[in-house]
$ cat upload-v5.txt   # compact mmCIF, N, CA and C atoms
# COMPACT_ATOMS: atom_id res chain seq x y z
N MET A 49 35.55 -69.12 -15.88
CA MET A 49 36.35 -68.45 -14.89
C MET A 49 35.54 -68.35 -13.61
N LYS A 50 36.11 -68.78 -12.50
CA LYS A 50 35.47 -68.68 -11.20
C LYS A 50 36.34 -67.86 -10.28
N ILE A 51 35.72 -67.12 -9.38
CA ILE A 51 36.46 -66.29 -8.44
C ILE A 51 36.25 -66.85 -7.04
N ASN A 52 37.31 -67.02 -6.30
CA ASN A 52 37.25 -67.50 -4.94
C ASN A 52 38.19 -66.66 -4.11
N LYS A 53 37.66 -65.70 -3.39
CA LYS A 53 38.43 -64.76 -2.59
C LYS A 53 39.52 -64.10 -3.42
N ASN A 54 40.79 -64.42 -3.17
CA ASN A 54 41.88 -63.76 -3.88
C ASN A 54 42.49 -64.60 -5.00
N ILE A 55 41.79 -65.64 -5.42
CA ILE A 55 42.31 -66.50 -6.47
C ILE A 55 41.27 -66.62 -7.57
N VAL A 56 41.72 -66.53 -8.78
CA VAL A 56 40.86 -66.73 -9.94
C VAL A 56 41.26 -68.06 -10.55
N TYR A 57 40.29 -68.89 -10.85
CA TYR A 57 40.56 -70.17 -11.48
C TYR A 57 40.32 -70.05 -12.97
N LEU A 58 41.35 -70.27 -13.76
CA LEU A 58 41.25 -70.23 -15.20
C LEU A 58 41.22 -71.66 -15.72
N HIS A 59 40.35 -71.90 -16.67
CA HIS A 59 40.26 -73.23 -17.27
C HIS A 59 40.86 -73.17 -18.66
N ARG A 60 41.87 -73.97 -18.90
CA ARG A 60 42.52 -74.04 -20.21
C ARG A 60 42.26 -75.42 -20.78
N CYS A 61 41.79 -75.45 -22.00
CA CYS A 61 41.51 -76.72 -22.64
C CYS A 61 42.33 -76.87 -23.91
N LYS A 62 42.98 -78.04 -24.04
CA LYS A 62 43.75 -78.37 -25.23
C LYS A 62 43.41 -79.80 -25.62
N LYS A 63 42.99 -80.00 -26.83
CA LYS A 63 42.72 -81.35 -27.35
C LYS A 63 41.95 -82.21 -26.36
N ASN A 64 40.80 -81.75 -25.97
CA ASN A 64 39.89 -82.48 -25.07
C ASN A 64 40.41 -82.66 -23.65
N GLU A 65 41.52 -82.01 -23.29
CA GLU A 65 42.02 -82.04 -21.93
C GLU A 65 41.87 -80.65 -21.33
N CYS A 66 41.31 -80.60 -20.15
CA CYS A 66 41.16 -79.31 -19.48
C CYS A 66 41.98 -79.33 -18.20
N GLU A 67 42.64 -78.24 -17.94
CA GLU A 67 43.35 -78.11 -16.68
C GLU A 67 42.91 -76.83 -16.01
N ARG A 68 42.85 -76.87 -14.72
CA ARG A 68 42.44 -75.71 -13.94
C ARG A 68 43.68 -75.16 -13.26
N THR A 69 43.95 -73.89 -13.50
CA THR A 69 45.11 -73.26 -12.89
C THR A 69 44.67 -72.08 -12.05
N LYS A 70 45.45 -71.82 -11.03
CA LYS A 70 45.17 -70.67 -10.17
C LYS A 70 45.90 -69.46 -10.72
N SER A 71 45.24 -68.34 -10.66
CA SER A 71 45.85 -67.10 -11.10
C SER A 71 45.57 -66.03 -10.06
N PRO A 72 46.51 -65.18 -9.77
CA PRO A 72 46.29 -64.14 -8.76
C PRO A 72 45.16 -63.19 -9.16
N LEU A 73 44.57 -62.61 -8.16
CA LEU A 73 43.47 -61.70 -8.37
C LEU A 73 43.86 -60.53 -9.26
N PHE A 74 45.11 -60.09 -9.18
CA PHE A 74 45.51 -58.94 -9.99
C PHE A 74 45.37 -59.23 -11.48
N LEU A 75 45.56 -60.48 -11.89
CA LEU A 75 45.40 -60.84 -13.30
C LEU A 75 43.94 -60.69 -13.71
N TYR A 76 43.04 -61.13 -12.86
CA TYR A 76 41.61 -60.98 -13.11
C TYR A 76 41.25 -59.50 -13.22
N LEU A 77 41.76 -58.70 -12.29
CA LEU A 77 41.45 -57.27 -12.31
C LEU A 77 42.05 -56.59 -13.54
N LYS A 78 43.23 -57.03 -13.95
CA LYS A 78 43.85 -56.46 -15.13
C LYS A 78 43.01 -56.76 -16.37
N MET A 79 42.48 -57.98 -16.46
CA MET A 79 41.62 -58.34 -17.58
C MET A 79 40.35 -57.49 -17.57
N PHE A 80 39.79 -57.26 -16.39
CA PHE A 80 38.59 -56.41 -16.26
C PHE A 80 38.91 -54.99 -16.71
N ASN A 81 40.03 -54.44 -16.24
CA ASN A 81 40.44 -53.08 -16.62
C ASN A 81 40.61 -52.95 -18.13
N THR A 82 41.23 -53.94 -18.74
CA THR A 82 41.44 -53.92 -20.18
C THR A 82 40.12 -53.95 -20.93
N THR A 83 39.19 -54.76 -20.46
CA THR A 83 37.87 -54.83 -21.09
C THR A 83 37.17 -53.48 -21.02
N VAL A 84 37.19 -52.85 -19.85
CA VAL A 84 36.53 -51.55 -19.68
C VAL A 84 37.19 -50.49 -20.58
N LYS A 85 38.52 -50.47 -20.61
CA LYS A 85 39.23 -49.50 -21.45
C LYS A 85 38.89 -49.69 -22.92
N ASP A 86 38.84 -50.94 -23.36
CA ASP A 86 38.50 -51.22 -24.76
C ASP A 86 37.09 -50.75 -25.10
N LEU A 87 36.14 -51.02 -24.21
CA LEU A 87 34.76 -50.58 -24.44
C LEU A 87 34.66 -49.06 -24.45
N LEU A 88 35.38 -48.41 -23.55
CA LEU A 88 35.40 -46.94 -23.50
C LEU A 88 35.98 -46.37 -24.78
N ASN A 89 37.10 -46.91 -25.23
CA ASN A 89 37.72 -46.42 -26.47
C ASN A 89 36.82 -46.61 -27.68
N GLU A 90 36.11 -47.75 -27.75
CA GLU A 90 35.17 -47.98 -28.85
C GLU A 90 34.05 -46.94 -28.84
N ALA A 91 33.53 -46.63 -27.66
CA ALA A 91 32.46 -45.64 -27.55
C ALA A 91 32.95 -44.26 -27.95
N LEU A 92 34.17 -43.90 -27.53
CA LEU A 92 34.71 -42.58 -27.88
C LEU A 92 35.05 -42.49 -29.36
N GLU A 93 35.43 -43.61 -29.98
CA GLU A 93 35.67 -43.61 -31.43
C GLU A 93 34.36 -43.41 -32.19
N GLU A 94 33.29 -43.98 -31.65
CA GLU A 94 31.98 -43.83 -32.29
C GLU A 94 31.46 -42.40 -32.17
N ARG A 95 31.79 -41.74 -31.08
CA ARG A 95 31.38 -40.35 -30.85
C ARG A 95 32.62 -39.47 -30.82
N ALA A 96 33.08 -39.06 -31.99
CA ALA A 96 34.32 -38.29 -32.12
C ALA A 96 34.25 -36.92 -31.45
N ASP A 97 33.04 -36.43 -31.17
CA ASP A 97 32.89 -35.13 -30.52
C ASP A 97 33.16 -35.20 -29.02
N LEU A 98 33.22 -36.41 -28.45
CA LEU A 98 33.49 -36.59 -27.02
C LEU A 98 34.94 -37.02 -26.83
N PHE A 99 35.52 -36.61 -25.70
CA PHE A 99 36.88 -37.03 -25.39
C PHE A 99 37.05 -37.24 -23.90
N LEU A 100 38.03 -38.04 -23.56
CA LEU A 100 38.27 -38.46 -22.18
C LEU A 100 39.11 -37.45 -21.42
N ILE A 101 38.67 -37.12 -20.22
CA ILE A 101 39.43 -36.25 -19.31
C ILE A 101 40.10 -37.09 -18.24
N ASP A 102 39.35 -38.01 -17.63
CA ASP A 102 39.91 -38.84 -16.57
C ASP A 102 39.21 -40.19 -16.55
N PHE A 103 39.97 -41.21 -16.19
CA PHE A 103 39.45 -42.57 -16.13
C PHE A 103 40.17 -43.31 -15.02
N THR A 104 39.41 -43.85 -14.05
CA THR A 104 40.01 -44.63 -12.97
C THR A 104 39.13 -45.83 -12.66
N ILE A 105 39.79 -46.90 -12.24
CA ILE A 105 39.10 -48.06 -11.70
C ILE A 105 39.77 -48.37 -10.38
N SER A 106 39.01 -48.30 -9.30
CA SER A 106 39.57 -48.55 -7.98
C SER A 106 39.62 -50.05 -7.70
N GLY A 107 40.23 -50.42 -6.60
CA GLY A 107 40.36 -51.82 -6.24
C GLY A 107 39.05 -52.55 -6.05
N ASP A 108 38.00 -51.83 -5.67
CA ASP A 108 36.69 -52.47 -5.50
C ASP A 108 35.86 -52.41 -6.78
N GLN A 109 36.51 -52.17 -7.89
CA GLN A 109 35.92 -52.12 -9.23
C GLN A 109 34.89 -50.99 -9.37
N SER A 110 35.17 -49.87 -8.75
CA SER A 110 34.39 -48.65 -8.97
C SER A 110 35.02 -47.91 -10.14
N ILE A 111 34.25 -47.76 -11.20
CA ILE A 111 34.73 -47.12 -12.42
C ILE A 111 34.27 -45.68 -12.43
N SER A 112 35.21 -44.77 -12.63
CA SER A 112 34.90 -43.35 -12.71
C SER A 112 35.44 -42.81 -14.03
N ILE A 113 34.55 -42.20 -14.82
CA ILE A 113 34.92 -41.67 -16.12
C ILE A 113 34.47 -40.22 -16.19
N ILE A 114 35.39 -39.34 -16.55
CA ILE A 114 35.07 -37.92 -16.75
C ILE A 114 35.29 -37.63 -18.23
N ILE A 115 34.27 -37.10 -18.88
CA ILE A 115 34.36 -36.79 -20.30
C ILE A 115 34.09 -35.32 -20.55
N ASP A 116 34.49 -34.86 -21.72
CA ASP A 116 34.15 -33.52 -22.18
C ASP A 116 33.82 -33.65 -23.66
N GLY A 117 33.29 -32.60 -24.22
CA GLY A 117 32.91 -32.65 -25.62
C GLY A 117 33.20 -31.34 -26.32
N ASP A 118 33.37 -31.42 -27.63
CA ASP A 118 33.62 -30.21 -28.41
C ASP A 118 32.47 -29.22 -28.31
N ASN A 119 31.27 -29.74 -28.09
CA ASN A 119 30.08 -28.89 -27.96
C ASN A 119 29.47 -29.02 -26.58
N GLY A 120 30.29 -29.29 -25.58
CA GLY A 120 29.79 -29.51 -24.24
C GLY A 120 29.35 -30.95 -24.07
N VAL A 121 28.84 -31.28 -22.90
CA VAL A 121 28.39 -32.64 -22.60
C VAL A 121 26.97 -32.59 -22.07
N LYS A 122 26.11 -33.38 -22.67
CA LYS A 122 24.72 -33.49 -22.22
C LYS A 122 24.56 -34.78 -21.43
N VAL A 123 23.47 -34.88 -20.72
CA VAL A 123 23.17 -36.10 -19.97
C VAL A 123 23.14 -37.29 -20.91
N GLU A 124 22.62 -37.11 -22.11
CA GLU A 124 22.54 -38.20 -23.09
C GLU A 124 23.94 -38.71 -23.48
N ASP A 125 24.93 -37.81 -23.49
CA ASP A 125 26.30 -38.21 -23.81
C ASP A 125 26.86 -39.12 -22.71
N CYS A 126 26.61 -38.75 -21.46
CA CYS A 126 27.05 -39.59 -20.33
C CYS A 126 26.34 -40.93 -20.36
N MET A 127 25.06 -40.91 -20.69
CA MET A 127 24.30 -42.16 -20.79
C MET A 127 24.84 -43.04 -21.91
N PHE A 128 25.23 -42.46 -23.02
CA PHE A 128 25.79 -43.21 -24.13
C PHE A 128 27.05 -43.96 -23.71
N ILE A 129 27.97 -43.26 -23.04
CA ILE A 129 29.21 -43.88 -22.59
C ILE A 129 28.91 -44.95 -21.54
N SER A 130 28.03 -44.64 -20.61
CA SER A 130 27.67 -45.59 -19.56
C SER A 130 27.09 -46.87 -20.14
N ARG A 131 26.17 -46.74 -21.06
CA ARG A 131 25.53 -47.92 -21.67
C ARG A 131 26.52 -48.72 -22.52
N ALA A 132 27.44 -48.03 -23.18
CA ALA A 132 28.43 -48.73 -24.00
C ALA A 132 29.28 -49.67 -23.16
N ILE A 133 29.50 -49.30 -21.92
CA ILE A 133 30.29 -50.14 -21.02
C ILE A 133 29.39 -51.15 -20.30
N GLU A 134 28.37 -50.63 -19.65
CA GLU A 134 27.53 -51.47 -18.79
C GLU A 134 26.80 -52.57 -19.56
N ASN A 135 26.35 -52.29 -20.76
CA ASN A 135 25.61 -53.29 -21.53
C ASN A 135 26.50 -54.38 -22.11
N ASN A 136 27.81 -54.22 -22.01
CA ASN A 136 28.72 -55.19 -22.59
C ASN A 136 29.57 -55.94 -21.56
N ILE A 137 29.24 -55.77 -20.29
CA ILE A 137 29.92 -56.51 -19.23
C ILE A 137 28.88 -57.30 -18.45
N ASP A 138 29.14 -58.56 -18.28
CA ASP A 138 28.20 -59.45 -17.61
C ASP A 138 28.19 -59.19 -16.11
N ARG A 139 27.06 -58.79 -15.60
CA ARG A 139 26.92 -58.51 -14.16
C ARG A 139 26.99 -59.78 -13.32
N GLU A 140 26.75 -60.93 -13.92
CA GLU A 140 26.87 -62.19 -13.20
C GLU A 140 28.34 -62.51 -12.89
N GLU A 141 29.25 -62.04 -13.75
CA GLU A 141 30.68 -62.29 -13.56
C GLU A 141 31.39 -61.17 -12.82
N HIS A 142 30.93 -59.94 -13.00
CA HIS A 142 31.64 -58.77 -12.47
C HIS A 142 30.70 -57.91 -11.63
N ASP A 143 31.14 -57.61 -10.44
CA ASP A 143 30.42 -56.70 -9.56
C ASP A 143 31.15 -55.36 -9.61
N PHE A 144 30.53 -54.35 -10.22
CA PHE A 144 31.20 -53.06 -10.36
C PHE A 144 30.18 -51.94 -10.27
N SER A 145 30.69 -50.75 -9.98
CA SER A 145 29.87 -49.54 -10.05
C SER A 145 30.47 -48.66 -11.14
N LEU A 146 29.62 -47.88 -11.78
CA LEU A 146 30.06 -47.06 -12.90
C LEU A 146 29.50 -45.66 -12.76
N GLU A 147 30.39 -44.68 -12.86
CA GLU A 147 29.99 -43.27 -12.82
C GLU A 147 30.60 -42.58 -14.02
N VAL A 148 29.75 -41.97 -14.83
CA VAL A 148 30.20 -41.19 -15.98
C VAL A 148 29.71 -39.77 -15.78
N ALA A 149 30.61 -38.80 -15.86
CA ALA A 149 30.24 -37.41 -15.61
C ALA A 149 31.00 -36.48 -16.56
N SER A 150 30.49 -35.27 -16.67
CA SER A 150 31.21 -34.25 -17.44
C SER A 150 32.22 -33.58 -16.53
N SER A 151 33.18 -32.90 -17.13
CA SER A 151 34.23 -32.29 -16.33
C SER A 151 33.71 -31.12 -15.48
N GLY A 152 32.64 -30.50 -15.88
CA GLY A 152 32.05 -29.44 -15.09
C GLY A 152 32.62 -28.07 -15.41
N ALA A 153 31.82 -27.05 -15.18
CA ALA A 153 32.20 -25.68 -15.52
C ALA A 153 33.34 -25.16 -14.64
N ALA A 154 33.40 -25.62 -13.40
CA ALA A 154 34.41 -25.12 -12.47
C ALA A 154 35.72 -25.90 -12.54
N ALA A 155 35.75 -26.99 -13.29
CA ALA A 155 36.95 -27.81 -13.39
C ALA A 155 38.00 -27.11 -14.25
N PRO A 156 39.27 -27.26 -13.90
CA PRO A 156 40.32 -26.63 -14.70
C PRO A 156 40.43 -27.29 -16.07
N LEU A 157 40.82 -26.52 -17.05
CA LEU A 157 41.04 -27.05 -18.39
C LEU A 157 42.41 -27.73 -18.41
N THR A 158 42.44 -28.98 -18.82
CA THR A 158 43.69 -29.74 -18.76
C THR A 158 44.19 -30.20 -20.13
N LEU A 159 43.32 -30.24 -21.12
CA LEU A 159 43.72 -30.69 -22.45
C LEU A 159 43.58 -29.55 -23.46
N PRO A 160 44.48 -29.47 -24.43
CA PRO A 160 44.38 -28.41 -25.45
C PRO A 160 43.03 -28.39 -26.17
N ARG A 161 42.44 -29.54 -26.33
CA ARG A 161 41.14 -29.63 -27.01
C ARG A 161 40.04 -28.87 -26.25
N GLN A 162 40.17 -28.76 -24.93
CA GLN A 162 39.19 -28.04 -24.13
C GLN A 162 39.25 -26.54 -24.36
N PHE A 163 40.40 -26.01 -24.71
CA PHE A 163 40.57 -24.58 -24.89
C PHE A 163 39.85 -24.06 -26.13
N LYS A 164 39.60 -24.94 -27.10
CA LYS A 164 38.96 -24.54 -28.34
C LYS A 164 37.53 -24.06 -28.11
N LYS A 165 36.88 -24.55 -27.05
CA LYS A 165 35.50 -24.20 -26.76
C LYS A 165 35.35 -22.80 -26.17
N THR A 166 36.38 -22.35 -25.47
CA THR A 166 36.24 -21.11 -24.71
C THR A 166 36.50 -19.88 -25.54
$ encode --input "upload-v5.txt" --output "structure tokens"
Amino acid sequence: MKINKNIVYLHRCKKNECERTKSPLFLYLKMFNTTVKDLLNEALEERADLFLIDFTISGDQSISIIIDGDNGVKVEDCMFISRAIENNIDREEHDFSLEVASSGAAAPLTLPRQFKKT
């Protein structure tokens, strides 16, 4: 897969024949978003004590993840989620920034699971 401004070139090969097709940038971004979501879900499944509060990916591929935990969130928890994503995406193919943070003490409680701690 090669990226050229707003076009992604996909290579499809069938029976020793390869064809190069153009695909809009949104398809490339959608594939990137799906990959990040899958990696995030895998990490949260591995750590059942952590749960997602907010997740966004902006147009410039800035990833923002807000997590909370049944026993609070430590720096190590944010590092775990960050590494689960960052270590599984090739930086040669994707230029992105990643921020993982806890919801914070002053943030409003938005999920029923958060109320159990208080």
$ closest_residue --input "upload-v5.txt" --among "A:Leu159, A:Met127, A:Val84, A:Leu77" --to "Leu100 in chain A" --atoms "only C-alpha atoms"
A:Leu159
$ closest_residue --input "upload-v5.txt" --among "A:Phe103, A:Leu88, A:Phe80, A:Asp118" --to "Pro160 in chain A" --atoms "only C-alpha atoms"
A:Asp118
$ atom_distance --input "upload-v5.txt" --atom1 "CA of Thr82 in chain A" --atom2 "CA of Ile129 in chain A"
16.0 Å
$ atom_distance --input "upload-v5.txt" --atom1 "atom N of Glu140 in chain A" --atom2 "CA of Cys126 in chain A"
22.3 Å
$ atom_distance --input "upload-v5.txt" --atom1 "atom C of Phe99 in chain A" --atom2 "atom C of Glu141 in chain A"
27.0 Å
$ residues_around --input "upload-v5.txt" --residues "Gln109 in chain A" --least-positions-apart "5" --cutoff "6.5 Å" --atoms "only N, CA and C atoms" --output "list in words"
Asp143, Phe144 and Ser145 of chain A
$ write_last_selection --input "upload-v5.txt" --atoms "N, CA and C atoms" --output "mmCIF file, in the coordinates of the input"
data_model
loop_
_atom_site.group_PDB
_atom_site.id
_atom_site.type_symbol
_atom_site.label_atom_id
_atom_site.label_comp_id
_atom_site.auth_asym_id
_atom_site.auth_seq_id
_atom_site.Cartn_x
_atom_site.Cartn_y
_atom_site.Cartn_z
ATOM 1 N N ASP A 143 31.140 -57.610 -10.440
ATOM 2 C CA ASP A 143 30.420 -56.700 -9.560
ATOM 3 C C ASP A 143 31.150 -55.360 -9.610
ATOM 4 N N PHE A 144 30.530 -54.350 -10.220
ATOM 5 C CA PHE A 144 31.200 -53.060 -10.360
ATOM 6 C C PHE A 144 30.180 -51.940 -10.270
ATOM 7 N N SER A 145 30.690 -50.750 -9.980
ATOM 8 C CA SER A 145 29.870 -49.540 -10.050
ATOM 9 C C SER A 145 30.470 -48.660 -11.140
#
